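Text of the file coords-v3.txt, holding compact mmCIF, C-alpha atoms and all ligand atoms:
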```txt
# COMPACT_ATOMS: atom_id res chain seq x y z
CA MET A 548 0.45 22.76 -4.57
CA SER A 549 -3.18 22.86 -3.46
CA LYS A 550 -4.68 20.82 -0.62
CA THR A 551 -7.28 19.53 -3.09
CA ALA A 552 -4.81 18.30 -5.76
CA GLY A 553 -6.19 14.95 -6.85
CA THR A 554 -5.69 11.50 -8.31
CA GLU A 555 -4.79 12.57 -11.87
CA GLU A 556 -1.89 14.75 -10.65
CA ALA A 557 -0.73 12.00 -8.26
CA ILE A 558 -0.71 9.37 -11.00
CA LYS A 559 1.08 11.66 -13.47
CA ARG A 560 3.92 11.78 -10.94
CA TRP A 561 3.88 7.99 -10.41
CA ASP A 562 4.08 7.50 -14.18
CA ALA A 563 7.11 9.78 -14.43
CA TYR A 564 8.79 8.08 -11.44
CA ALA A 565 7.95 4.47 -12.39
CA ASP A 566 11.30 3.52 -13.98
CA THR A 567 13.43 5.00 -11.16
CA TYR A 568 11.12 3.46 -8.54
CA SER A 569 11.26 0.01 -10.13
CA LYS A 570 15.09 0.00 -10.26
CA ASN A 571 15.12 -0.27 -6.42
CA HIS A 572 12.90 -3.35 -6.49
CA THR A 573 14.13 -6.94 -6.51
CA GLU A 574 11.74 -9.91 -6.39
CA GLN A 575 11.34 -9.10 -2.64
CA GLY A 576 10.46 -5.44 -3.31
CA ASP A 577 12.68 -2.65 -1.95
CA LEU A 578 14.52 -2.82 1.40
CA HIS A 579 11.58 -1.46 3.42
CA LYS A 580 9.30 -4.10 1.96
CA GLU A 581 11.82 -6.89 2.55
CA ILE A 582 12.52 -5.85 6.16
CA PHE A 583 9.22 -4.46 7.45
CA LEU A 584 6.23 -5.13 5.24
CA ASN A 585 6.58 -8.57 3.62
CA PRO A 586 6.96 -10.49 6.93
CA VAL A 587 3.78 -8.90 8.33
CA LEU A 588 1.77 -9.13 5.11
CA PHE A 589 2.61 -12.83 4.71
CA SER A 590 1.91 -13.58 8.39
CA PHE A 591 -1.61 -12.11 7.88
CA MET A 592 -2.32 -14.40 4.89
CA GLU A 593 -3.82 -17.88 4.98
CA ASP A 594 -3.36 -20.65 2.41
CA LEU A 595 -3.55 -18.89 -0.96
CA ARG A 596 -3.80 -21.92 -3.23
CA ASN A 597 -6.58 -21.33 -5.80
CA LYS A 598 -7.72 -18.21 -3.96
CA LYS A 599 -8.81 -15.24 -6.07
CA VAL A 600 -6.58 -12.34 -5.03
CA LEU A 601 -6.54 -8.69 -6.13
CA ASP A 602 -3.29 -6.71 -5.77
CA ALA A 603 -4.66 -3.15 -5.67
CA GLY A 604 -1.96 -0.69 -6.78
CA CYS A 605 0.53 -3.40 -7.83
CA GLY A 606 3.39 -1.10 -8.95
CA GLU A 607 6.12 -3.11 -10.72
CA GLY A 608 4.41 -6.26 -9.50
CA TYR A 609 6.81 -8.01 -7.09
CA LEU A 610 3.99 -8.83 -4.64
CA SER A 611 1.67 -10.10 -7.38
CA ARG A 612 4.43 -12.45 -8.51
CA ILE A 613 5.00 -13.77 -4.97
CA LEU A 614 1.24 -14.28 -4.46
CA SER A 615 1.03 -16.08 -7.79
CA LYS A 616 3.94 -18.35 -6.77
CA PHE A 617 2.00 -19.13 -3.56
CA GLY A 618 -0.71 -20.57 -5.84
CA ALA A 619 -3.18 -17.65 -5.91
CA ASN A 620 -5.14 -16.65 -8.97
CA VAL A 621 -3.94 -13.03 -9.16
CA THR A 622 -5.46 -9.94 -10.74
CA ALA A 623 -3.32 -6.81 -10.37
CA VAL A 624 -4.37 -3.22 -11.02
CA ASP A 625 -2.42 0.03 -11.11
CA TYR A 626 -3.46 3.41 -12.49
CA SER A 627 0.03 4.19 -13.86
CA SER A 628 0.39 2.88 -17.44
CA ARG A 629 4.18 2.71 -17.06
CA MET A 630 3.97 0.68 -13.82
CA VAL A 631 1.66 -1.81 -15.54
CA GLU A 632 4.07 -2.07 -18.50
CA ILE A 633 7.04 -2.74 -16.19
CA ALA A 634 5.02 -5.29 -14.17
CA LYS A 635 4.16 -7.16 -17.36
CA GLU A 636 7.78 -7.06 -18.57
CA ARG A 637 8.99 -8.47 -15.23
CA THR A 638 6.45 -11.30 -15.09
CA PRO A 639 7.51 -14.63 -16.62
CA ASN A 640 4.96 -16.30 -18.92
CA ASP A 641 4.33 -19.19 -16.53
CA LEU A 642 2.86 -16.82 -13.92
CA LEU A 643 -0.68 -16.18 -15.11
CA ILE A 644 -1.24 -12.74 -13.62
CA ARG A 645 -3.97 -10.56 -15.09
CA TYR A 646 -2.62 -6.95 -15.12
CA ILE A 647 -5.11 -4.12 -15.68
CA LYS A 648 -4.61 -0.36 -15.78
CA ALA A 649 -7.32 0.89 -13.43
CA ASN A 650 -7.99 3.42 -10.70
CA CYS A 651 -8.54 1.87 -7.25
CA GLU A 652 -11.18 4.53 -6.63
CA ASP A 653 -13.32 3.15 -9.48
CA LEU A 654 -12.94 -0.54 -10.27
CA ASN A 655 -16.23 -1.01 -12.13
CA ILE A 656 -14.45 -3.23 -14.71
CA LEU A 657 -14.33 -5.88 -11.93
CA LYS A 658 -17.41 -7.81 -10.75
CA ASP A 659 -19.01 -7.72 -7.29
CA LYS A 660 -17.82 -10.43 -4.89
CA SER A 661 -15.10 -11.72 -7.24
CA PHE A 662 -12.15 -11.87 -4.76
CA ASP A 663 -11.38 -13.84 -1.60
CA LEU A 664 -8.54 -11.48 -0.65
CA ILE A 665 -7.48 -7.96 -1.60
CA VAL A 666 -3.93 -6.86 -0.81
CA SER A 667 -2.90 -3.23 -1.15
CA ASN A 668 0.71 -2.54 -0.22
CA MET A 669 1.62 1.13 0.36
CA VAL A 670 -1.07 2.53 -1.94
CA ILE A 671 -3.95 3.95 0.13
CA GLN A 672 -1.96 7.06 1.17
CA ASP A 673 -1.58 7.80 -2.57
CA LEU A 674 -5.35 7.95 -3.15
CA ALA A 675 -7.25 11.24 -3.06
CA ASN A 676 -10.53 9.42 -2.40
CA TYR A 677 -9.65 6.57 -0.04
CA GLU A 678 -13.28 6.15 1.10
CA LYS A 679 -14.33 5.35 -2.48
CA ALA A 680 -11.45 2.84 -2.73
CA PHE A 681 -12.53 1.08 0.49
CA GLN A 682 -16.15 0.97 -0.83
CA GLU A 683 -14.90 -0.58 -4.07
CA MET A 684 -12.75 -3.11 -2.21
CA ASN A 685 -15.73 -4.05 -0.03
CA ARG A 686 -17.92 -4.51 -3.12
CA LEU A 687 -15.29 -6.75 -4.78
CA LEU A 688 -14.84 -9.09 -1.81
CA VAL A 689 -16.91 -12.21 -1.20
CA ASP A 690 -18.80 -12.18 2.11
CA GLY A 691 -16.25 -12.79 4.85
CA GLY A 692 -13.36 -11.98 2.45
CA SER A 693 -10.24 -10.19 3.70
CA LEU A 694 -8.52 -6.90 2.96
CA ILE A 695 -4.87 -6.59 3.98
CA PHE A 696 -3.24 -3.21 3.47
CA SER A 697 -0.19 -1.25 4.58
CA ILE A 698 0.30 2.50 4.66
CA LEU A 699 2.76 5.07 5.96
CA HIS A 700 2.02 5.30 9.68
CA PRO A 701 -0.30 8.36 9.81
CA CYS A 702 0.72 9.25 13.39
CA PHE A 703 4.44 9.54 12.59
CA VAL A 704 4.66 10.23 8.85
CA THR A 705 2.79 13.51 8.58
CA PRO A 706 3.11 16.45 6.14
CA GLU A 707 5.76 17.91 8.47
CA CYS A 708 8.07 15.35 10.07
CA GLY A 709 11.71 14.27 10.18
CA TRP A 710 14.74 13.69 12.39
CA GLU A 711 15.77 16.54 14.66
CA LYS A 712 19.58 16.45 14.62
CA THR A 713 22.51 18.01 16.48
CA GLU A 714 24.92 20.23 14.53
CA SER A 715 27.19 17.23 14.05
CA GLY A 716 24.31 15.23 12.56
CA GLU A 717 23.45 12.98 15.54
CA LYS A 718 19.76 12.03 15.52
CA LEU A 719 18.04 13.39 18.63
CA TYR A 720 14.39 12.50 18.06
CA TRP A 721 11.74 12.12 15.34
CA ARG A 722 9.72 15.33 15.05
CA VAL A 723 6.01 15.21 14.07
CA ASP A 724 3.84 18.20 13.16
CA ARG A 725 0.57 18.97 11.27
CA TYR A 726 -0.97 15.64 12.33
CA PHE A 727 -4.56 16.92 12.08
CA TYR A 728 -4.09 18.26 8.53
CA GLU A 729 -6.09 16.15 6.05
CA GLY A 730 -5.43 16.38 2.31
CA ALA A 731 -2.67 16.45 -0.29
CA TYR A 732 0.98 17.12 0.49
CA GLU A 733 4.25 16.67 -1.37
CA GLN A 734 7.03 14.34 -0.30
CA GLY A 735 10.38 13.84 -2.00
CA LEU A 736 11.15 10.20 -2.87
CA GLY A 737 14.07 10.25 -5.26
CA ASP A 738 16.62 13.04 -5.76
CA LYS A 739 14.25 15.38 -7.51
CA GLU A 740 10.88 13.67 -7.73
CA LYS A 741 8.16 15.01 -5.47
CA MET A 742 5.26 12.62 -5.06
CA LEU A 743 1.75 13.58 -4.02
CA PHE A 744 0.51 11.85 -0.87
CA PHE A 745 -2.72 12.30 1.09
CA HIS A 746 -2.64 12.50 4.85
CA ARG A 747 -5.50 11.52 7.19
CA THR A 748 -5.57 10.89 10.91
CA LEU A 749 -5.71 7.39 12.36
CA THR A 750 -9.26 8.18 13.55
CA SER A 751 -10.34 8.98 9.98
CA TYR A 752 -8.84 5.72 8.71
CA ILE A 753 -10.56 3.60 11.35
CA ASN A 754 -13.95 5.36 11.08
CA THR A 755 -13.88 5.12 7.28
CA LEU A 756 -13.08 1.40 7.38
CA ILE A 757 -15.99 0.81 9.77
CA LYS A 758 -18.32 2.99 7.66
CA THR A 759 -17.43 1.10 4.47
CA GLY A 760 -18.30 -2.29 6.02
CA PHE A 761 -15.07 -3.72 7.44
CA ILE A 762 -14.22 -5.32 10.77
CA ILE A 763 -10.65 -4.96 12.04
CA GLU A 764 -9.07 -8.38 12.67
CA ARG A 765 -5.39 -7.57 13.13
CA MET A 766 -3.00 -4.67 13.11
CA GLU A 767 0.79 -4.46 13.25
CA GLU A 768 3.39 -1.67 13.41
CA PRO A 769 6.33 -3.55 11.86
CA MET A 770 9.79 -3.61 13.42
CA PRO A 771 12.90 -5.29 11.97
CA SER A 772 13.45 -8.89 13.10
CA ASN A 773 16.81 -9.98 14.59
CA GLU A 774 17.52 -11.85 11.38
CA MET A 775 16.92 -8.69 9.31
CA LEU A 776 19.00 -6.57 11.73
CA LYS A 777 21.95 -8.91 11.27
CA LYS A 778 21.63 -8.43 7.51
CA TYR A 779 20.91 -4.65 7.64
CA PRO A 780 22.30 -3.22 10.97
CA SER A 781 21.53 0.42 10.09
CA PHE A 782 17.81 -0.31 10.57
CA GLU A 783 18.36 -0.41 14.38
CA GLU A 784 17.01 3.17 14.48
CA ASP A 785 13.60 1.86 13.41
CA PHE A 786 13.01 0.66 16.99
CA ARG A 787 12.55 4.32 17.92
CA CYS A 788 9.44 5.06 15.90
CA ALA A 789 7.12 3.25 13.43
CA ASP A 790 7.17 4.16 9.73
CA PHE A 791 4.38 1.78 8.69
CA ILE A 792 1.12 0.27 9.88
CA VAL A 793 -0.51 -2.86 8.47
CA PHE A 794 -4.18 -3.85 8.83
CA LYS A 795 -6.11 -7.04 8.25
CA LEU A 796 -9.87 -6.53 7.88
CA LYS A 797 -12.82 -8.75 7.19
CA LYS A 798 -15.78 -7.80 5.05
CA GLN A 799 -18.80 -7.62 7.31
CA LYS A 800 -21.52 -10.07 6.21
CA GLU A 801 -24.47 -8.24 4.69
CA ALA A 802 -27.60 -8.30 6.84
CA LYS A 803 -30.20 -10.55 5.19
CA THR A 804 -33.29 -8.62 4.08
CA GLN A 805 -36.65 -10.41 4.56
C1 LIG A 901 4.34 2.96 -3.26
S1 LIG A 901 3.82 2.25 -4.76
C2 LIG A 901 3.46 0.58 -4.20
C3 LIG A 901 3.43 -0.40 -5.32
C4 LIG A 901 3.24 -1.86 -4.92
N1 LIG A 901 2.02 -2.08 -4.20
C5 LIG A 901 4.42 -2.35 -4.13
O1 LIG A 901 4.25 -2.71 -2.96
O2 LIG A 901 5.54 -2.38 -4.67
C6 LIG A 901 2.22 2.94 -5.01
C7 LIG A 901 1.54 2.47 -6.28
O3 LIG A 901 0.18 2.91 -6.27
C8 LIG A 901 -0.18 3.27 -7.57
N2 LIG A 901 -1.35 4.15 -7.50
C9 LIG A 901 -1.40 5.41 -7.04
N3 LIG A 901 -2.65 5.90 -7.14
C10 LIG A 901 -3.41 4.90 -7.67
C11 LIG A 901 -4.79 4.78 -8.00
N4 LIG A 901 -5.64 5.80 -7.83
N5 LIG A 901 -5.24 3.61 -8.50
C12 LIG A 901 -4.38 2.56 -8.69
N6 LIG A 901 -3.06 2.63 -8.42
C13 LIG A 901 -2.59 3.79 -7.90
C14 LIG A 901 1.06 3.94 -8.13
O4 LIG A 901 1.06 3.99 -9.52
C15 LIG A 901 2.16 3.04 -7.56
O5 LIG A 901 2.43 1.99 -8.44
```

Could you write out this file's structure as structure tokens?
Ligand SMILES: C[S@@+](CC[C@H](N)C(=O)[O-])C[C@H]1O[C@@H](n2cnc3c(N)ncnc32)[C@H](O)[C@@H]1O
Amino acid sequence: MSKTAGTEEAIKRWDAYADTYSKNHTEQGDLHKEIFLNPVLFSFMEDLRNKKVLDAGCGEGYLSRILSKFGANVTAVDYSSRMVEIAKERTPNDLLIRYIKANCEDLNILKDKSFDLIVSNMVIQDLANYEKAFQEMNRLLVDGGSLIFSILHPCFVTPECGWEKTESGEKLYWRVDRYFYEGAYEQGLGDKEKMLFFHRTLTSYINTLIKTGFIIERMEEPMPSNEMLKKYPSFEEDFRCADFIVFKLKKQKEAKTQ
């Protein structure tokens, strides 16, 4: 697998994995979304009633459906045809979500300044050209609009990482290597499926967000709440190291030209 493998290869794999992936999702997403991501994403959102919201990389659509139930006017894009099909199948007729098959790196089918909020949950690390995606998201937001996105934590989930264990299987510590590598790498998700992810350093993420016109408003490295730990005690180990990072950004107002 080459370092420069790109979007088309990544999406081919998402298409093939879409049915298996979706089986793990309830209307709260999978367990990681229920425990770690949803509480932070929702705490970053304001009143969504009548707000125009884009779900960028919607997958099987659980988040789009929640946002729509919160009263938002939701458009949802995903570049995998099968994901879009499943999302449509899972969406009841009374939720008026506009699903479109589209690449987050080129959203020219959508008009400038047409969204108040863009949410992108666990998608940006799947994009070969994340700078282009941030440019597109900036173009699509109204002045002062918000982008909320989550990714695998780039400091801890690197192309070479995992638990270091004793012979009897006890977890000693989380090992991290190849942090400064930037580009494509493979990661197993299911039993046999290897997905294509793209690693960048935290510095690259932050500098690219600033370059593409965003201001950082909030950031969170989610941990399980006490309530979630009672429900899912095995997630206690997630106090040792962060798997995810979530950002809230604001589109910088354009400087007025005379
Ligand atoms: C980890 S899943 C997350 C799905 C959804 N946001 C959720 O939280 O359940 C990543 C999704 O990104 C989509 N994706 C990957 N590359 C994409 C691209 N270039 N443009 C749009 N969607 C893409 C995949 O098809 C997949 O549905």

Set the cut-off to 9 Å, count all atoms listed in the file, and list whatever residues fall near ligand LIG 901 (chain A) as a ChimeraX atom specification.
/A:554-555,557-562,564-565,568-569,572,576-577,580,584,602-611,624-631,648-654,666-677,680,697-698

Pairwise distance for atom CA of Leu694 of chain A and atom CA of Gly735 of chain A, rounded to one decimal in Å:
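We find that atom CA of Leu694 of chain A and atom CA of Gly735 of chain A lie 28.5 Å from each other.
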
Give the answer as one residue: which of A:Lys798, A:Arg747, A:Lys777, A:Arg787 has the shortest atom-to-atom distance to Glu678 of chain A, using only C-alpha atoms?
A:Arg747

At a cut-off of 9 Å, using only C-alpha atoms, what residues contact Glu733 of chain A? Leave out same-chain residues fewer than 6 positions from it and give the result as an MDAnalysis selection string.
chainID A and resid 548 706 741:745

Suppose you want the space between atom CA of Cys708 of chain A and atom CA of Phe786 of chain A; what is it in Å?
17.0 Å

The distance between atom CA of Asn685 of chain A and atom CA of Ile792 of chain A is 20.0 Å

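When all atoms listed in the file are used to compute distances to Ser615 of chain A, the closest of the residues A:Asp641, A:Glu707, A:Glu632, A:Glu714 turns out to be A:Asp641.
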
Which residues, written as a PDB file with C-alpha atoms, in the frame of the given file, have at least one atom at most 8 Å from Phe794 of chain A, with all atoms listed in the file counted and residues fewer than 5 positions away on the same chain left out?
```pdb
ATOM      1  CA  LEU A 694      -8.520  -6.900   2.960  1.00  0.00           C
ATOM      2  CA  ILE A 695      -4.870  -6.590   3.980  1.00  0.00           C
ATOM      3  CA  PHE A 696      -3.240  -3.210   3.470  1.00  0.00           C
ATOM      4  CA  SER A 697      -0.190  -1.250   4.580  1.00  0.00           C
ATOM      5  CA  ILE A 763     -10.650  -4.960  12.040  1.00  0.00           C
ATOM      6  CA  GLU A 764      -9.070  -8.380  12.670  1.00  0.00           C
ATOM      7  CA  ARG A 765      -5.390  -7.570  13.130  1.00  0.00           C
ATOM      8  CA  MET A 766      -3.000  -4.670  13.110  1.00  0.00           C
ATOM      9  CA  GLU A 767       0.790  -4.460  13.250  1.00  0.00           C
TER      10      GLU A 767
END
```

When you look at segment 715-723 of chain A with a cut-off of 12 Å (counting only C-alpha atoms), what residues show up, excluding the ones that are within fewer than 6 positions of it in the same chain? I need them as a PDB file with C-alpha atoms, in the coordinates of the input.
```pdb
ATOM      1  CA  HIS A 700       2.020   5.300   9.680  1.00  0.00           C
ATOM      2  CA  PRO A 701      -0.300   8.360   9.810  1.00  0.00           C
ATOM      3  CA  CYS A 702       0.720   9.250  13.390  1.00  0.00           C
ATOM      4  CA  PHE A 703       4.440   9.540  12.590  1.00  0.00           C
ATOM      5  CA  VAL A 704       4.660  10.230   8.850  1.00  0.00           C
ATOM      6  CA  THR A 705       2.790  13.510   8.580  1.00  0.00           C
ATOM      7  CA  PRO A 706       3.110  16.450   6.140  1.00  0.00           C
ATOM      8  CA  GLU A 707       5.760  17.910   8.470  1.00  0.00           C
ATOM      9  CA  CYS A 708       8.070  15.350  10.070  1.00  0.00           C
ATOM     10  CA  GLY A 709      11.710  14.270  10.180  1.00  0.00           C
ATOM     11  CA  GLU A 784      17.010   3.170  14.480  1.00  0.00           C
ATOM     12  CA  ASP A 785      13.600   1.860  13.410  1.00  0.00           C
ATOM     13  CA  PHE A 786      13.010   0.660  16.990  1.00  0.00           C
ATOM     14  CA  ARG A 787      12.550   4.320  17.920  1.00  0.00           C
ATOM     15  CA  CYS A 788       9.440   5.060  15.900  1.00  0.00           C
ATOM     16  CA  ALA A 789       7.120   3.250  13.430  1.00  0.00           C
ATOM     17  CA  ASP A 790       7.170   4.160   9.730  1.00  0.00           C
TER      18      ASP A 790
END
```
